[in-house]
Every structure is written in structure tokens, then in C-alpha cells.
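Engineer: One structure follows; several queries about it will come next.
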There are 2 protein chains.
Amino acid sequence: MTASALDILAQHNLRKTAVRAQVLDIFLDSREALSHNDIEAHFNQVDRITLYRTLKTFEEKGVIHKAIDGGEKLKYALCSGHCSEHAHEDHHAHFHCDQCGKTVCIESMHIPAVQAPAGYQLSGAYLVLKGTCATCT
Amino acid sequence: MTASALDILAQHNLRKTAVRAQVLDIFLDSREALSHNDIEAHFNQVDRITLYRTLKTFEEKGVIHKAIDGGEKLKYALCSGHCSEHAHEDHHAHFHCDQCGKTVCIESMHIPAVQAPAGYQLSGAYLVLKGTCATCT
DNA sequence: TGTTTAATGCAACGTTGTTTCATTTGGCAA
DNA sequence: TTGCCAAATGAAACAACGTTGCATTAAACA
Ligand SMILES: [Mn+2]
Ligand SMILES: [Mn+2]
Ligand SMILES: [Zn+2]
Ligand SMILES: [Zn+2]
């Protein structure tokens, strides 16, 4: 059972608008994390300010999460399942291909538990794998 | 024995210029990773384009490394010891404070060895710890 | 000291992201 | 179904960040 764009909007109490539905469709069609620019390129025509706000809202509401990859531009990916405004649970690694620049979620790899240095209080961690993806090998 | 700015430039076969020496002094005086803006703020007057080029050169030559922290702006930190143009060895974690935004190298924490997902070829990894630093606790 | 080559300073330009405000539209209740 | 209200959108203006090309200056070395 795959959730549709409208399902996702309903689940997060977000108004159903054309831009939002189309952005979600783009994420649903993609297996890689997407930057603002990637998404803009999928539209015939879209206001980029609206797109910034859409992504910000989605991120705040737990629809998408930032895919940290050490690259120059910020990318987002769909949250898998049960994230909400108050509980983002994205404890998985991301892989960034040095060749093609694509970034993917590695849902199966959880962030290993690490010990905080003395005096520091940990709230989370990012793990980014770099290398060559299956397509670029 | 602490290397001076001029020592570092000599070690990497870089010309000794005022801007470069001063940028290195700023890094040597700082225990945290610095963004372009942080560095610019330490100068009375500096051309920001020169600063961009200085940081780029330092990064390429193994003088500084990018401190990935998941934050909005790129930061750099001095490489410890034996990095060169052809061998950047920065296999340590970084800590990013959610409160003050400061990022520090955790030299003592090496990146754990992880298994590459099927079809992927690993060349490295980043580990970023988030939380509250000793000062902000 | 003079020559060569790299570094700098400056201008111009492009990209990215934010803020403000008027207009449009989705959700909801009468 | 209609109309109202709050939220989303579109447009303009602006700020921050970053790059490129070119003329000038300065470091290195003979
Ligand atoms: Mn992810
Ligand atoms: Mn570091
Ligand atoms: Zn690839
Ligand atoms: Zn702090």
C-alpha cells in the first residue's frame, strides 16, 4: 500500500493545494533526495518562493527530512511513515555519490550509538557515506 | 611544538602573503571551526573574494578541511598534521551545538567502519554529532 | 636587481534565500 | 450551495553568498 500525495497531506493536516500535491508526487516518483532546484526543474512553471515555503512547511510538519550529505546544496527526502510535527525520526544514514552527486536514504543503516565527549550532551547524529553509487560504478 | 602560520605555508609550498598568514593565525587562535563570515569578521579589512580563494586553496592543499555539521553554512578547521594536496586524512567526527551553533573537531572519535550497501563503493564517511556543547549546558 | 608567475583587488554577474504585501483559494459553517 | 475566513500563493524588493574576468601588485628565485 503506497500513500498518495493527497493521503500524505491529509495525514499531516495540510491543505490540499496544487503545488503541494505536485511536490509530493515528485518526491514519490523519485528514489533520491531532491534539492530545491531539482524540484523546480520538474515543474512547468512554479513560483520559487512558494516552493521554498512548501519545503519549509513539509519539513516542519514531518513530511520530508533534510538529507545531510556534505554537498553544497541542501536536499530533502520523504519521511518514511510515522514522522509528525513533534517527532521526526530519521535515524538512518545517507549515501552521497561523488560521481553523479545523487544522495539516497539508506533506511536499513541506523546511526550507530556513539559516546558523547566529556561535557557534551548528545541529541542526535548524522552519518553520511561517500563513494560511488551502483549506477556510477 | 606548535607550528606557526609561516611554518604551515612553507610546509605546503604556499607563498607567504599577508592574507594567508592572517587567516592561518585566526585558525590557530580558534578552537572551533570557522565559516567564511567568521573569518571575515576577524579582519579589519579584507577583500572577500581573496578570502574565498584563500580558503579554496587551503582546502585543496590540505591545510584546512571542511567541517560538515549539517548547518546552513560551510565551516573549515585546520588539518591536524600530515594532510597534503594528495592525502586529506580527516577521519574524525565533528560536534555541532544546537544552542550556539559552534562546531568543533572531535579528533579523538574516529569514524566507525561501516559496511557499504550492496552495489555501492565507499570512499569515506562523515559523522556529525548534534547536541549541546560544554559551554551551553 | 630584474623577471616571472602567483596572489590580490575590483567590477560585474548569477544564485540562493528572506520579507512584505496584495491576491487567490481551500476548508468550513451557515 | 454559498459566503466567510484563514491560509497559501504570486510578485517585488532586497540581502547574502559565491563565481568569473581582468588589471595591478607582490612573492619567489635566478
Ligand atoms: Mn533520509
Ligand atoms: Mn575536523
Ligand atoms: Zn552516482
Ligand atoms: Zn554551544
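Every chain in the C-alpha cells has a letter given in the order shown (A, B, ...), and although residue numbers restart at 1 in each chain, ligands are simply numbered from 1 in the order shown.
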Can you list, as a ChimeraX atom specification, every protein, DNA or RNA residue that comes within 12 Å of DA23 in chain D when you count only C-alpha atoms (C1' of nucleotides), leaving out same-chain residues fewer than 6 positions away?

Structural biologist: /C:8-11

Engineer: Show me which residues line ligand 1, defined as having an atom within 9 Å of a ligand atom where only C-alpha atoms (C1' of nucleotides) and all ligand atoms count, and present them as an MDAnalysis selection string.

Structural biologist: chainID A and resid 33 64:68 76:80 90:94 103:107

Engineer: Would you mind exporting the chosen residues as a PDB file, in the first residue's frame, restricted to C-alpha atoms?

Structural biologist:
ATOM      1  CA  ALA A  33      16.896  13.083  -2.263  1.00  0.00           C
ATOM      2  CA  ILE A  64      10.153  15.405   4.496  1.00  0.00           C
ATOM      3  CA  HIS A  65      13.540  15.487   6.175  1.00  0.00           C
ATOM      4  CA  LYS A  66      16.830  17.097   5.313  1.00  0.00           C
ATOM      5  CA  ALA A  67      19.246  14.642   3.759  1.00  0.00           C
ATOM      6  CA  ILE A  68      22.621  15.817   5.033  1.00  0.00           C
ATOM      7  CA  TYR A  76      15.222  16.652   1.115  1.00  0.00           C
ATOM      8  CA  ALA A  77      13.687  13.200   1.114  1.00  0.00           C
ATOM      9  CA  LEU A  78      10.281  11.866   2.081  1.00  0.00           C
ATOM     10  CA  CYS A  79       9.948  10.744   5.647  1.00  0.00           C
ATOM     11  CA  SER A  80       9.138   7.090   5.854  1.00  0.00           C
ATOM     12  CA  ASP A  90      15.153   9.860  10.716  1.00  0.00           C
ATOM     13  CA  HIS A  91      17.826   7.790  12.343  1.00  0.00           C
ATOM     14  CA  HIS A  92      19.311   6.429   9.169  1.00  0.00           C
ATOM     15  CA  ALA A  93      22.416   7.020   7.101  1.00  0.00           C
ATOM     16  CA  HIS A  94      22.584   8.748   3.737  1.00  0.00           C
ATOM     17  CA  THR A 103      22.002  11.327  -2.484  1.00  0.00           C
ATOM     18  CA  VAL A 104      19.881   8.443  -1.252  1.00  0.00           C
ATOM     19  CA  CYS A 105      18.476   7.387   2.082  1.00  0.00           C
ATOM     20  CA  ILE A 106      19.934   4.176   3.469  1.00  0.00           C
ATOM     21  CA  GLU A 107      16.944   3.296   5.591  1.00  0.00           C
TER      22      GLU A 107
END

Engineer: Pick out the chain A residues within 9 Å of chain D. Count only C-alpha atoms (C1' of nucleotides). Give them as a PDB file with C-alpha atoms, in the first residue's frame.

Structural biologist:
ATOM      1  CA  ARG A  15      -4.378  21.943   2.950  1.00  0.00           C
ATOM      2  CA  THR A  17      -3.177  22.603  -2.966  1.00  0.00           C
ATOM      3  CA  ASP A  47       6.861  30.282  -8.116  1.00  0.00           C
ATOM      4  CA  ILE A  49       9.109  31.478  -3.237  1.00  0.00           C
ATOM      5  CA  THR A  50       6.088  29.230  -2.899  1.00  0.00           C
TER       6      THR A  50
END

Engineer: Taking only C-alpha atoms (C1' of nucleotides) into account and nothing else, which residues of chain A lie no more than 12 Å away from chain C? Please answer as a tab-separated table (two decimals) with N, CA, C and O atoms, in the first residue's frame.

Structural biologist:
chain	number	residue	atom	x	y	z
A	13	ASN	N	-2.56	17.03	8.23
A	13	ASN	CA	-3.44	18.18	8.38
A	13	ASN	C	-2.96	19.39	7.58
A	13	ASN	O	-2.90	20.51	8.08
A	14	LEU	N	-2.60	19.13	6.35
A	14	LEU	CA	-2.16	20.21	5.47
A	14	LEU	C	-3.18	20.41	4.37
A	14	LEU	O	-3.76	19.44	3.84
A	15	ARG	N	-3.41	21.65	4.00
A	15	ARG	CA	-4.38	21.94	2.95
A	15	ARG	C	-3.94	21.35	1.62
A	15	ARG	O	-2.75	21.36	1.28
A	16	LYS	N	-4.93	20.86	0.88
A	16	LYS	CA	-4.63	20.24	-0.41
A	16	LYS	C	-4.56	21.31	-1.48
A	16	LYS	O	-5.58	21.85	-1.91
A	17	THR	N	-3.35	21.61	-1.90
A	17	THR	CA	-3.18	22.60	-2.97
A	17	THR	C	-2.41	21.96	-4.11
A	17	THR	O	-1.75	20.93	-3.94
A	18	ALA	N	-2.50	22.61	-5.27
A	18	ALA	CA	-1.87	22.06	-6.47
A	18	ALA	C	-0.36	21.92	-6.30
A	18	ALA	O	0.22	20.87	-6.61
A	35	SER	N	16.95	18.48	-4.23
A	35	SER	CA	17.20	19.85	-3.82
A	35	SER	C	16.05	20.74	-4.31
A	35	SER	O	15.26	20.33	-5.17
A	36	HIS	N	16.00	21.93	-3.79
A	36	HIS	CA	15.03	22.91	-4.26
A	36	HIS	C	15.03	22.97	-5.79
A	36	HIS	O	14.00	22.94	-6.44
A	37	ASN	N	16.24	23.05	-6.33
A	37	ASN	CA	16.41	23.19	-7.77
A	37	ASN	C	15.93	21.97	-8.55
A	37	ASN	O	15.33	22.09	-9.61
A	48	ARG	N	9.12	30.19	-7.23
A	48	ARG	CA	10.15	29.59	-6.38
A	48	ARG	C	9.98	29.96	-4.92
A	48	ARG	O	10.34	29.20	-4.02
A	49	ILE	N	9.36	31.12	-4.63
A	49	ILE	CA	9.11	31.48	-3.24
A	49	ILE	C	8.10	30.51	-2.63
A	49	ILE	O	8.26	30.05	-1.50
A	50	THR	N	7.07	30.20	-3.37
A	50	THR	CA	6.09	29.23	-2.90
A	50	THR	C	6.76	27.89	-2.62
A	50	THR	O	6.47	27.22	-1.63
A	51	LEU	N	7.70	27.53	-3.49
A	51	LEU	CA	8.40	26.27	-3.32
A	51	LEU	C	9.24	26.27	-2.04
A	51	LEU	O	9.23	25.29	-1.29
A	52	TYR	N	9.93	27.38	-1.77
A	52	TYR	CA	10.69	27.47	-0.52
A	52	TYR	C	9.76	27.26	0.66
A	52	TYR	O	10.06	26.51	1.59
A	53	ARG	N	8.60	27.92	0.63
A	53	ARG	CA	7.69	27.82	1.75
A	53	ARG	C	7.08	26.43	1.86
A	53	ARG	O	6.87	25.93	2.97
A	56	LYS	N	9.69	24.20	3.42
A	56	LYS	CA	9.85	24.53	4.84
A	56	LYS	C	8.69	23.95	5.65
A	56	LYS	O	8.89	23.34	6.70
A	72	GLU	N	27.12	20.81	-1.45
A	72	GLU	CA	26.93	22.25	-1.40
A	72	GLU	C	25.46	22.60	-1.18
A	72	GLU	O	25.13	23.53	-0.50
A	73	LYS	N	24.56	21.80	-1.74
A	73	LYS	CA	23.17	22.19	-1.60
A	73	LYS	C	22.32	21.21	-0.80
A	73	LYS	O	22.50	20.00	-0.84
A	74	LEU	N	21.40	21.83	-0.07
A	74	LEU	CA	20.51	21.10	0.82
A	74	LEU	C	19.56	20.23	0.02
A	74	LEU	O	18.99	20.65	-0.98

Engineer: Counting only C-alpha atoms (C1' of nucleotides) and all ligand atoms, name the residues that have an atom within 10 Å of an atom of ligand 4; the answer should be given as a PyMOL selection string.

Structural biologist: (chain A and resi 120-121) or (chain B and resi 95-104+131-137)

Engineer: Out of chain A, which residues get helix (DSSP H, G or I) from DSSP, as number ranges by chain?

Structural biologist: A: 5-11, 18-29, 36-42, 48-61

Engineer: Could you write those residues out with C-alpha atoms, as a CSV table (one decimal), in the first residue's frame?

Structural biologist:
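File written: result.csv
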chain,number,residue,atom,x,y,z
A,5,ALA,CA,0.1,12.8,-2.3
A,6,LEU,CA,-3.4,13.6,-1.1
A,7,ASP,CA,-3.2,10.9,1.6
A,8,ILE,CA,0.0,12.4,2.9
A,9,LEU,CA,-1.4,15.9,3.0
A,10,ALA,CA,-4.4,14.7,4.9
A,11,GLN,CA,-2.3,12.7,7.4
A,18,ALA,CA,-1.9,22.1,-6.5
A,19,VAL,CA,1.7,22.9,-5.6
A,20,ARG,CA,1.9,20.7,-2.6
A,21,ALA,CA,0.4,17.8,-4.3
A,22,GLN,CA,2.7,18.1,-7.2
A,23,VAL,CA,5.8,18.5,-5.0
A,24,LEU,CA,4.8,15.3,-3.2
A,25,ASP,CA,4.2,13.5,-6.5
A,26,ILE,CA,7.8,14.4,-7.5
A,27,PHE,CA,9.1,13.0,-4.2
A,28,LEU,CA,7.0,9.9,-4.6
A,29,ASP,CA,8.4,9.3,-8.1
A,36,HIS,CA,15.0,22.9,-4.3
A,37,ASN,CA,16.4,23.2,-7.8
A,38,ASP,CA,15.8,19.6,-8.7
A,39,ILE,CA,12.1,20.0,-7.7
A,40,GLU,CA,11.8,23.3,-9.6
A,41,ALA,CA,13.1,21.6,-12.7
A,42,HIS,CA,10.2,19.1,-12.6
A,48,ARG,CA,10.1,29.6,-6.4
A,49,ILE,CA,9.1,31.5,-3.2
A,50,THR,CA,6.1,29.2,-2.9
A,51,LEU,CA,8.4,26.3,-3.3
A,52,TYR,CA,10.7,27.5,-0.5
A,53,ARG,CA,7.7,27.8,1.7
A,54,THR,CA,6.3,24.5,0.8
A,55,LEU,CA,9.5,22.7,1.6
A,56,LYS,CA,9.8,24.5,4.8
A,57,THR,CA,6.3,23.6,5.8
A,58,PHE,CA,6.8,20.0,4.8
A,59,GLU,CA,10.0,19.8,6.8
A,60,GLU,CA,8.4,21.3,9.9
A,61,LYS,CA,5.4,19.0,9.7

Engineer: Kindly give the distance, in Å, that separates CA of Val128 in chain B and CA of His86 in chain B, rounded to a single decimal.

Structural biologist: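 About the pair CA of Val128 in chain B and CA of His86 in chain B: they are 24.1 Å apart.
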
Engineer: Just give me the gap between CA of Ala87 in chain A and CA of Met109 in chain A in Å, one decimal is fine.

Structural biologist: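 Computed distance, CA of Ala87 in chain A to CA of Met109 in chain A, equals 19.5 Å.
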